[in-house]
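Step one of this worksheet: look at the structure below.
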Amino acid sequence: MRQERKLIMLPGPTNVPDRVMLAMMKPMINHRGPEFAAMLGSIAEGLKYVFETKDEVYVLTSSGTGAVECAISNIIDTGDKVIVPTFGYFSERLKETVARHGGKPIEVPVEWGEAPTAELIEKAIKQEKKVKLIAVVNNETSTGVTVRDLPKIAEVAKRNDALLMADSISILGGDYLPVDKWGVDLCVTGSQKCLACPPGLAMVFASKRAWEVIDKKATKPPYYFDLSSIRDHWLRKETPCTPAISLYYALDESLKMIREEGLEKRFQRSAQCAKAFYDGFEAIGLKPYPAENVRSNTVVTVKLPSGVDVSKVREIMKERYNVIITGGLGKLRDLILRIGCMGIISEAEVLTTINALENTLADLNHPVKIGSGVEAARKVFR
Ligand code: PLP
């Protein structure tokens, strides 16, 4: 009999633990009442733990893009210079977001599959005068690349009197990102990725340095994403507009689960699963897409051999093996597979996915030694 629930191995949304799903069954409450305030207090503590900060992290009822838009629109005034390294689909979008809010993006192009370095950013900032912000996609979900230089880029920002914003939507909660220690000024994420929640909530962290700039901004930010108003309400344990209460229940539960596991253990689990994926791919003759030193632990990507159709691979994996993965974005659409390695990822999901992939390739008459990928991955866990 077909299993109704499929294994969601997407780079978000990801598999959500039953505990988190069940939390959403709680009754509706007044979002201006004491029950909601108590829950917001608990969420605030959980977010401080995950972002590793003493400052506040605000929750928005929106997808991740809303959090990016919120951070940018609360910092940028018309004509402000923003350095944006572009190395994939989401960093291109970030550049466009800066331009839409009147900023002047200074693009630092980097080969897709590689990551921007602190040296490259420093060179770009030295060529420009008065850069207000460096905006970096922390984990390029379209290529499976992590910017490992983020703490050094934060130092570059500080040395040059600029702020650093990280779009950490596909990494926060899945890999190291202590925002206070590293000196990240604005950091955004979404609920549906490494936090293992359903989609629909986004989070924005702003440092003290960021608040000094936000408080001095010349023009008003958008009404819904006015971070000062969000902060004023947050301090009273409220939100300016009606929040997605059921999703807040889910977020509170998922943050509790993260604290129970501990960040370090969670990061190690994800890193081990990512290594198992990469070793498994290589054993079946597939090459991971990113350069080795910048491979992500939360989104893994792999090149498909020429002649193998991405959509056929995805269809067979879904229909015959019950595993949902996705293909590339933009210019990588027909060239790579992308797999989420986030949230509740464990040995079981990794082995199931690699098994499905090697069988699918065999079904498509691609020469592959069945079992070799699973065996290579298995070794990582022993
Ligand atoms: N930025 C990055 C790095 C992402 O991975 C995504 C989504 O995958 C987004 C932005 C957009 O987030 P959302 O689709 O939740 O609006």
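Starting from 1 in every chain, residues are counted up; chains themselves are A, B, ... following the order of the structure tokens, and ligands are numbered from 1 as listed.
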
Can I get the residues close to ligand 1 as an mmCIF file with N, CA, C and O atoms, in the first residue's frame, where close means within 8 Å and we count only C-alpha atoms and all ligand atoms?
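Now in out.cif:
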data_model
loop_
_atom_site.group_PDB
_atom_site.id
_atom_site.type_symbol
_atom_site.label_atom_id
_atom_site.label_comp_id
_atom_site.auth_asym_id
_atom_site.auth_seq_id
_atom_site.Cartn_x
_atom_site.Cartn_y
_atom_site.Cartn_z
ATOM 1 N N PRO A 11 15.053 21.624 0.497
ATOM 2 C CA PRO A 11 15.754 22.639 1.308
ATOM 3 C C PRO A 11 14.729 23.621 1.883
ATOM 4 O O PRO A 11 14.853 24.826 1.727
ATOM 5 N N GLY A 12 13.703 23.124 2.474
ATOM 6 C CA GLY A 12 12.598 23.865 3.061
ATOM 7 C C GLY A 12 11.436 23.946 2.094
ATOM 8 O O GLY A 12 11.673 24.212 0.928
ATOM 9 N N SER A 62 5.171 36.045 8.321
ATOM 10 C CA SER A 62 5.572 36.237 6.921
ATOM 11 C C SER A 62 6.512 35.095 6.564
ATOM 12 O O SER A 62 7.018 34.406 7.448
ATOM 13 N N SER A 63 6.768 34.901 5.291
ATOM 14 C CA SER A 63 7.815 33.935 4.922
ATOM 15 C C SER A 63 9.171 34.627 5.053
ATOM 16 O O SER A 63 9.250 35.810 5.421
ATOM 17 N N GLY A 64 10.231 33.922 4.759
ATOM 18 C CA GLY A 64 11.577 34.469 4.943
ATOM 19 C C GLY A 64 11.821 35.750 4.168
ATOM 20 O O GLY A 64 12.503 36.667 4.652
ATOM 21 N N THR A 65 11.263 35.840 2.976
ATOM 22 C CA THR A 65 11.468 37.028 2.135
ATOM 23 C C THR A 65 11.018 38.292 2.878
ATOM 24 O O THR A 65 11.643 39.352 2.747
ATOM 25 N N GLY A 66 9.952 38.167 3.674
ATOM 26 C CA GLY A 66 9.476 39.307 4.453
ATOM 27 C C GLY A 66 10.534 39.780 5.439
ATOM 28 O O GLY A 66 10.720 40.984 5.643
ATOM 29 N N VAL A 68 13.790 39.446 5.088
ATOM 30 C CA VAL A 68 14.847 40.109 4.312
ATOM 31 C C VAL A 68 14.395 41.533 3.996
ATOM 32 O O VAL A 68 15.128 42.511 4.197
ATOM 33 N N PHE A 90 19.555 33.342 -4.706
ATOM 34 C CA PHE A 90 19.043 34.141 -3.584
ATOM 35 C C PHE A 90 19.855 35.402 -3.356
ATOM 36 O O PHE A 90 19.324 36.415 -2.901
ATOM 37 N N SER A 91 21.148 35.383 -3.680
ATOM 38 C CA SER A 91 21.912 36.619 -3.546
ATOM 39 C C SER A 91 21.560 37.603 -4.667
ATOM 40 O O SER A 91 21.596 38.816 -4.466
ATOM 41 N N ARG A 93 18.529 37.852 -5.755
ATOM 42 C CA ARG A 93 17.282 38.418 -5.244
ATOM 43 C C ARG A 93 17.539 39.474 -4.167
ATOM 44 O O ARG A 93 16.836 40.471 -4.067
ATOM 45 N N LEU A 94 18.562 39.220 -3.357
ATOM 46 C CA LEU A 94 18.901 40.185 -2.299
ATOM 47 C C LEU A 94 19.338 41.515 -2.926
ATOM 48 O O LEU A 94 18.943 42.594 -2.467
ATOM 49 N N VAL A 137 24.131 36.606 1.632
ATOM 50 C CA VAL A 137 23.367 35.371 1.823
ATOM 51 C C VAL A 137 24.324 34.372 2.480
ATOM 52 O O VAL A 137 25.322 33.971 1.905
ATOM 53 N N ASN A 138 24.026 34.038 3.704
ATOM 54 C CA ASN A 138 24.895 33.217 4.553
ATOM 55 C C ASN A 138 25.059 31.793 4.005
ATOM 56 O O ASN A 138 26.159 31.217 4.014
ATOM 57 N N ASN A 139 23.939 31.264 3.523
ATOM 58 C CA ASN A 139 23.930 29.915 2.958
ATOM 59 C C ASN A 139 23.132 29.992 1.662
ATOM 60 O O ASN A 139 21.923 30.187 1.697
ATOM 61 N N GLU A 140 23.831 29.916 0.524
ATOM 62 C CA GLU A 140 23.170 30.080 -0.785
ATOM 63 C C GLU A 140 22.413 28.787 -1.097
ATOM 64 O O GLU A 140 22.983 27.800 -1.535
ATOM 65 N N THR A 141 21.119 28.822 -0.846
ATOM 66 C CA THR A 141 20.277 27.634 -0.992
ATOM 67 C C THR A 141 20.228 27.138 -2.441
ATOM 68 O O THR A 141 19.917 25.980 -2.690
ATOM 69 N N SER A 142 20.532 28.012 -3.386
ATOM 70 C CA SER A 142 20.466 27.601 -4.792
ATOM 71 C C SER A 142 21.696 26.810 -5.217
ATOM 72 O O SER A 142 21.649 26.073 -6.186
ATOM 73 N N ASP A 167 21.465 36.985 5.433
ATOM 74 C CA ASP A 167 20.266 36.201 5.136
ATOM 75 C C ASP A 167 20.633 34.766 5.491
ATOM 76 O O ASP A 167 21.295 34.064 4.736
ATOM 77 N N SER A 168 20.216 34.358 6.698
ATOM 78 C CA SER A 168 20.586 33.031 7.212
ATOM 79 C C SER A 168 19.389 32.093 7.171
ATOM 80 O O SER A 168 19.262 31.190 8.010
ATOM 81 N N ILE A 169 18.530 32.318 6.187
ATOM 82 C CA ILE A 169 17.255 31.602 6.132
ATOM 83 C C ILE A 169 17.445 30.087 6.085
ATOM 84 O O ILE A 169 16.716 29.347 6.735
ATOM 85 N N SER A 170 18.456 29.614 5.356
ATOM 86 C CA SER A 170 18.583 28.150 5.232
ATOM 87 C C SER A 170 19.729 27.589 6.084
ATOM 88 O O SER A 170 20.206 26.499 5.826
ATOM 89 N N GLY A 190 13.860 31.895 8.503
ATOM 90 C CA GLY A 190 12.458 31.502 8.292
ATOM 91 C C GLY A 190 12.162 30.250 9.108
ATOM 92 O O GLY A 190 13.067 29.480 9.441
ATOM 93 N N SER A 191 10.871 30.047 9.407
ATOM 94 C CA SER A 191 10.502 28.931 10.291
ATOM 95 C C SER A 191 10.632 27.562 9.633
ATOM 96 O O SER A 191 10.800 26.553 10.310
ATOM 97 N N GLN A 192 10.554 27.511 8.305
ATOM 98 C CA GLN A 192 10.361 26.228 7.613
ATOM 99 C C GLN A 192 11.646 25.487 7.274
ATOM 100 O O GLN A 192 11.600 24.489 6.572
ATOM 101 N N PRO A 199 6.035 26.392 7.338
ATOM 102 C CA PRO A 199 6.324 27.730 6.800
ATOM 103 C C PRO A 199 5.351 28.762 7.354
ATOM 104 O O PRO A 199 4.245 28.405 7.772
ATOM 105 N N GLY A 200 5.746 30.028 7.339
ATOM 106 C CA GLY A 200 4.804 31.097 7.681
ATOM 107 C C GLY A 200 5.306 32.098 8.697
ATOM 108 O O GLY A 200 4.692 33.144 8.882
ATOM 109 N N ALA A 202 8.843 34.307 10.188
ATOM 110 C CA ALA A 202 10.218 34.718 9.895
ATOM 111 C C ALA A 202 10.750 35.479 11.099
ATOM 112 O O ALA A 202 9.970 35.993 11.904
#

Return as a list in words the full set of residues in range 209-315 of chain A whose backbone-based DSSP assignment is strand (DSSP E or B).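 The residues of range 209-315 of chain A classed as strand (DSSP E or B) are Pro288, Arg295, Val299, Val300, Thr301, Val302 and Lys303 of chain A.
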
Residues from last step as file, all heavy atoms, as a PDB file, in the first residue's frame:
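File produced: result.pdb:
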ATOM      1  N   PRO A 288      29.482  16.387  -5.996  1.00  0.00           N
ATOM      2  CA  PRO A 288      28.787  17.501  -5.337  1.00  0.00           C
ATOM      3  C   PRO A 288      29.020  18.791  -6.145  1.00  0.00           C
ATOM      4  O   PRO A 288      30.082  18.961  -6.738  1.00  0.00           O
ATOM      5  CB  PRO A 288      29.464  17.584  -3.967  1.00  0.00           C
ATOM      6  CG  PRO A 288      30.003  16.206  -3.731  1.00  0.00           C
ATOM      7  CD  PRO A 288      30.414  15.696  -5.081  1.00  0.00           C
ATOM      8  N   ARG A 295      31.163  23.708   1.066  1.00  0.00           N
ATOM      9  CA  ARG A 295      29.945  22.896   1.024  1.00  0.00           C
ATOM     10  C   ARG A 295      29.092  23.089   2.272  1.00  0.00           C
ATOM     11  O   ARG A 295      29.608  23.049   3.382  1.00  0.00           O
ATOM     12  CB  ARG A 295      30.305  21.412   0.940  1.00  0.00           C
ATOM     13  CG  ARG A 295      30.756  20.986  -0.431  1.00  0.00           C
ATOM     14  CD  ARG A 295      31.135  19.518  -0.375  1.00  0.00           C
ATOM     15  NE  ARG A 295      31.855  19.150  -1.570  1.00  0.00           N
ATOM     16  CZ  ARG A 295      32.508  18.006  -1.717  1.00  0.00           C
ATOM     17  NH1 ARG A 295      32.538  17.121  -0.733  1.00  0.00           N
ATOM     18  NH2 ARG A 295      33.131  17.737  -2.838  1.00  0.00           N
ATOM     19  N   VAL A 299      22.136  22.357   3.232  1.00  0.00           N
ATOM     20  CA  VAL A 299      21.563  22.161   1.887  1.00  0.00           C
ATOM     21  C   VAL A 299      22.622  21.487   1.039  1.00  0.00           C
ATOM     22  O   VAL A 299      23.679  22.082   0.796  1.00  0.00           O
ATOM     23  CB  VAL A 299      21.168  23.504   1.225  1.00  0.00           C
ATOM     24  CG1 VAL A 299      20.626  23.269  -0.184  1.00  0.00           C
ATOM     25  CG2 VAL A 299      20.161  24.266   2.066  1.00  0.00           C
ATOM     26  N   VAL A 300      22.387  20.254   0.613  1.00  0.00           N
ATOM     27  CA  VAL A 300      23.403  19.579  -0.200  1.00  0.00           C
ATOM     28  C   VAL A 300      22.950  19.578  -1.661  1.00  0.00           C
ATOM     29  O   VAL A 300      21.770  19.423  -1.962  1.00  0.00           O
ATOM     30  CB  VAL A 300      23.728  18.149   0.308  1.00  0.00           C
ATOM     31  CG1 VAL A 300      24.272  18.170   1.709  1.00  0.00           C
ATOM     32  CG2 VAL A 300      22.523  17.246   0.245  1.00  0.00           C
ATOM     33  N   THR A 301      23.918  19.801  -2.532  1.00  0.00           N
ATOM     34  CA  THR A 301      23.614  19.842  -3.964  1.00  0.00           C
ATOM     35  C   THR A 301      24.586  18.938  -4.705  1.00  0.00           C
ATOM     36  O   THR A 301      25.731  18.768  -4.286  1.00  0.00           O
ATOM     37  CB  THR A 301      23.720  21.274  -4.527  1.00  0.00           C
ATOM     38  OG1 THR A 301      25.055  21.746  -4.362  1.00  0.00           O
ATOM     39  CG2 THR A 301      22.761  22.232  -3.845  1.00  0.00           C
ATOM     40  N   VAL A 302      24.092  18.370  -5.801  1.00  0.00           N
ATOM     41  CA  VAL A 302      24.918  17.416  -6.548  1.00  0.00           C
ATOM     42  C   VAL A 302      24.629  17.561  -8.036  1.00  0.00           C
ATOM     43  O   VAL A 302      23.490  17.837  -8.434  1.00  0.00           O
ATOM     44  CB  VAL A 302      24.653  15.971  -6.027  1.00  0.00           C
ATOM     45  CG1 VAL A 302      23.224  15.537  -6.273  1.00  0.00           C
ATOM     46  CG2 VAL A 302      25.618  14.969  -6.598  1.00  0.00           C
ATOM     47  N   LYS A 303      25.704  17.414  -8.830  1.00  0.00           N
ATOM     48  CA  LYS A 303      25.520  17.533 -10.285  1.00  0.00           C
ATOM     49  C   LYS A 303      24.950  16.229 -10.821  1.00  0.00           C
ATOM     50  O   LYS A 303      25.359  15.147 -10.383  1.00  0.00           O
ATOM     51  CB  LYS A 303      26.875  17.747 -10.955  1.00  0.00           C
ATOM     52  CG  LYS A 303      27.468  19.104 -10.727  1.00  0.00           C
ATOM     53  CD  LYS A 303      28.738  19.209 -11.562  1.00  0.00           C
ATOM     54  CE  LYS A 303      29.712  20.135 -10.901  1.00  0.00           C
ATOM     55  NZ  LYS A 303      31.054  20.085 -11.388  1.00  0.00           N
TER      56      LYS A 303
END

Env of Phe51 in chain A: 7 Å cut, atoms = only C-alpha atoms, seq-sep filter 6 positions within chain, self excluded. Answer as a compact mmCIF listing (two decimals) with N, CA, C and O atoms, in the first residue's frame.
# COMPACT_ATOMS: atom_id res chain seq x y z
N LEU A 177 26.34 29.86 14.20
CA LEU A 177 26.01 31.25 13.86
C LEU A 177 25.75 32.06 15.13
O LEU A 177 24.65 32.53 15.38
N PRO A 178 26.78 32.22 15.98
CA PRO A 178 26.59 33.02 17.19
C PRO A 178 26.66 34.51 16.84
O PRO A 178 27.75 35.07 16.68
N VAL A 179 25.51 35.13 16.69
CA VAL A 179 25.49 36.49 16.12
C VAL A 179 26.24 37.52 16.98
O VAL A 179 26.92 38.38 16.44

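The list of residues with at least one atom within 10 Å of Trp112 in chain A, based on only C-alpha atoms and without residues fewer than 5 positions apart in the same chain, reads Thr86, Phe87, Gly88, Tyr89, Glu140, Ser142, Thr143, Gly144, Val145, Tyr289, Pro290, Ala291, Lys331 and Leu332 of chain A.
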
Which residues of range 311-361 of chain A sit at most 9 Å from range 13-34 of chain A, using only C-alpha atoms? Give each one's shortest atom pair and distance in Å (one decimal place), in chain and ascending residue order, as a tab-separated table.
residue	atom	partner	partner_atom	distance
A:Gly340	CA	A:Thr14	CA	7.1
A:Cys341	CA	A:Thr14	CA	8.7
A:Met342	CA	A:Thr14	CA	7.1
A:Gly343	CA	A:Thr14	CA	6.9
A:Ile344	CA	A:Asn15	CA	6.9
A:Ile345	CA	A:Asn15	CA	8.3

Which one of A:Lys48, A:Lys81, A:Arg320, A:Lys130 sits closest to Ala99 in chain A if you count only C-alpha atoms? A:Lys81
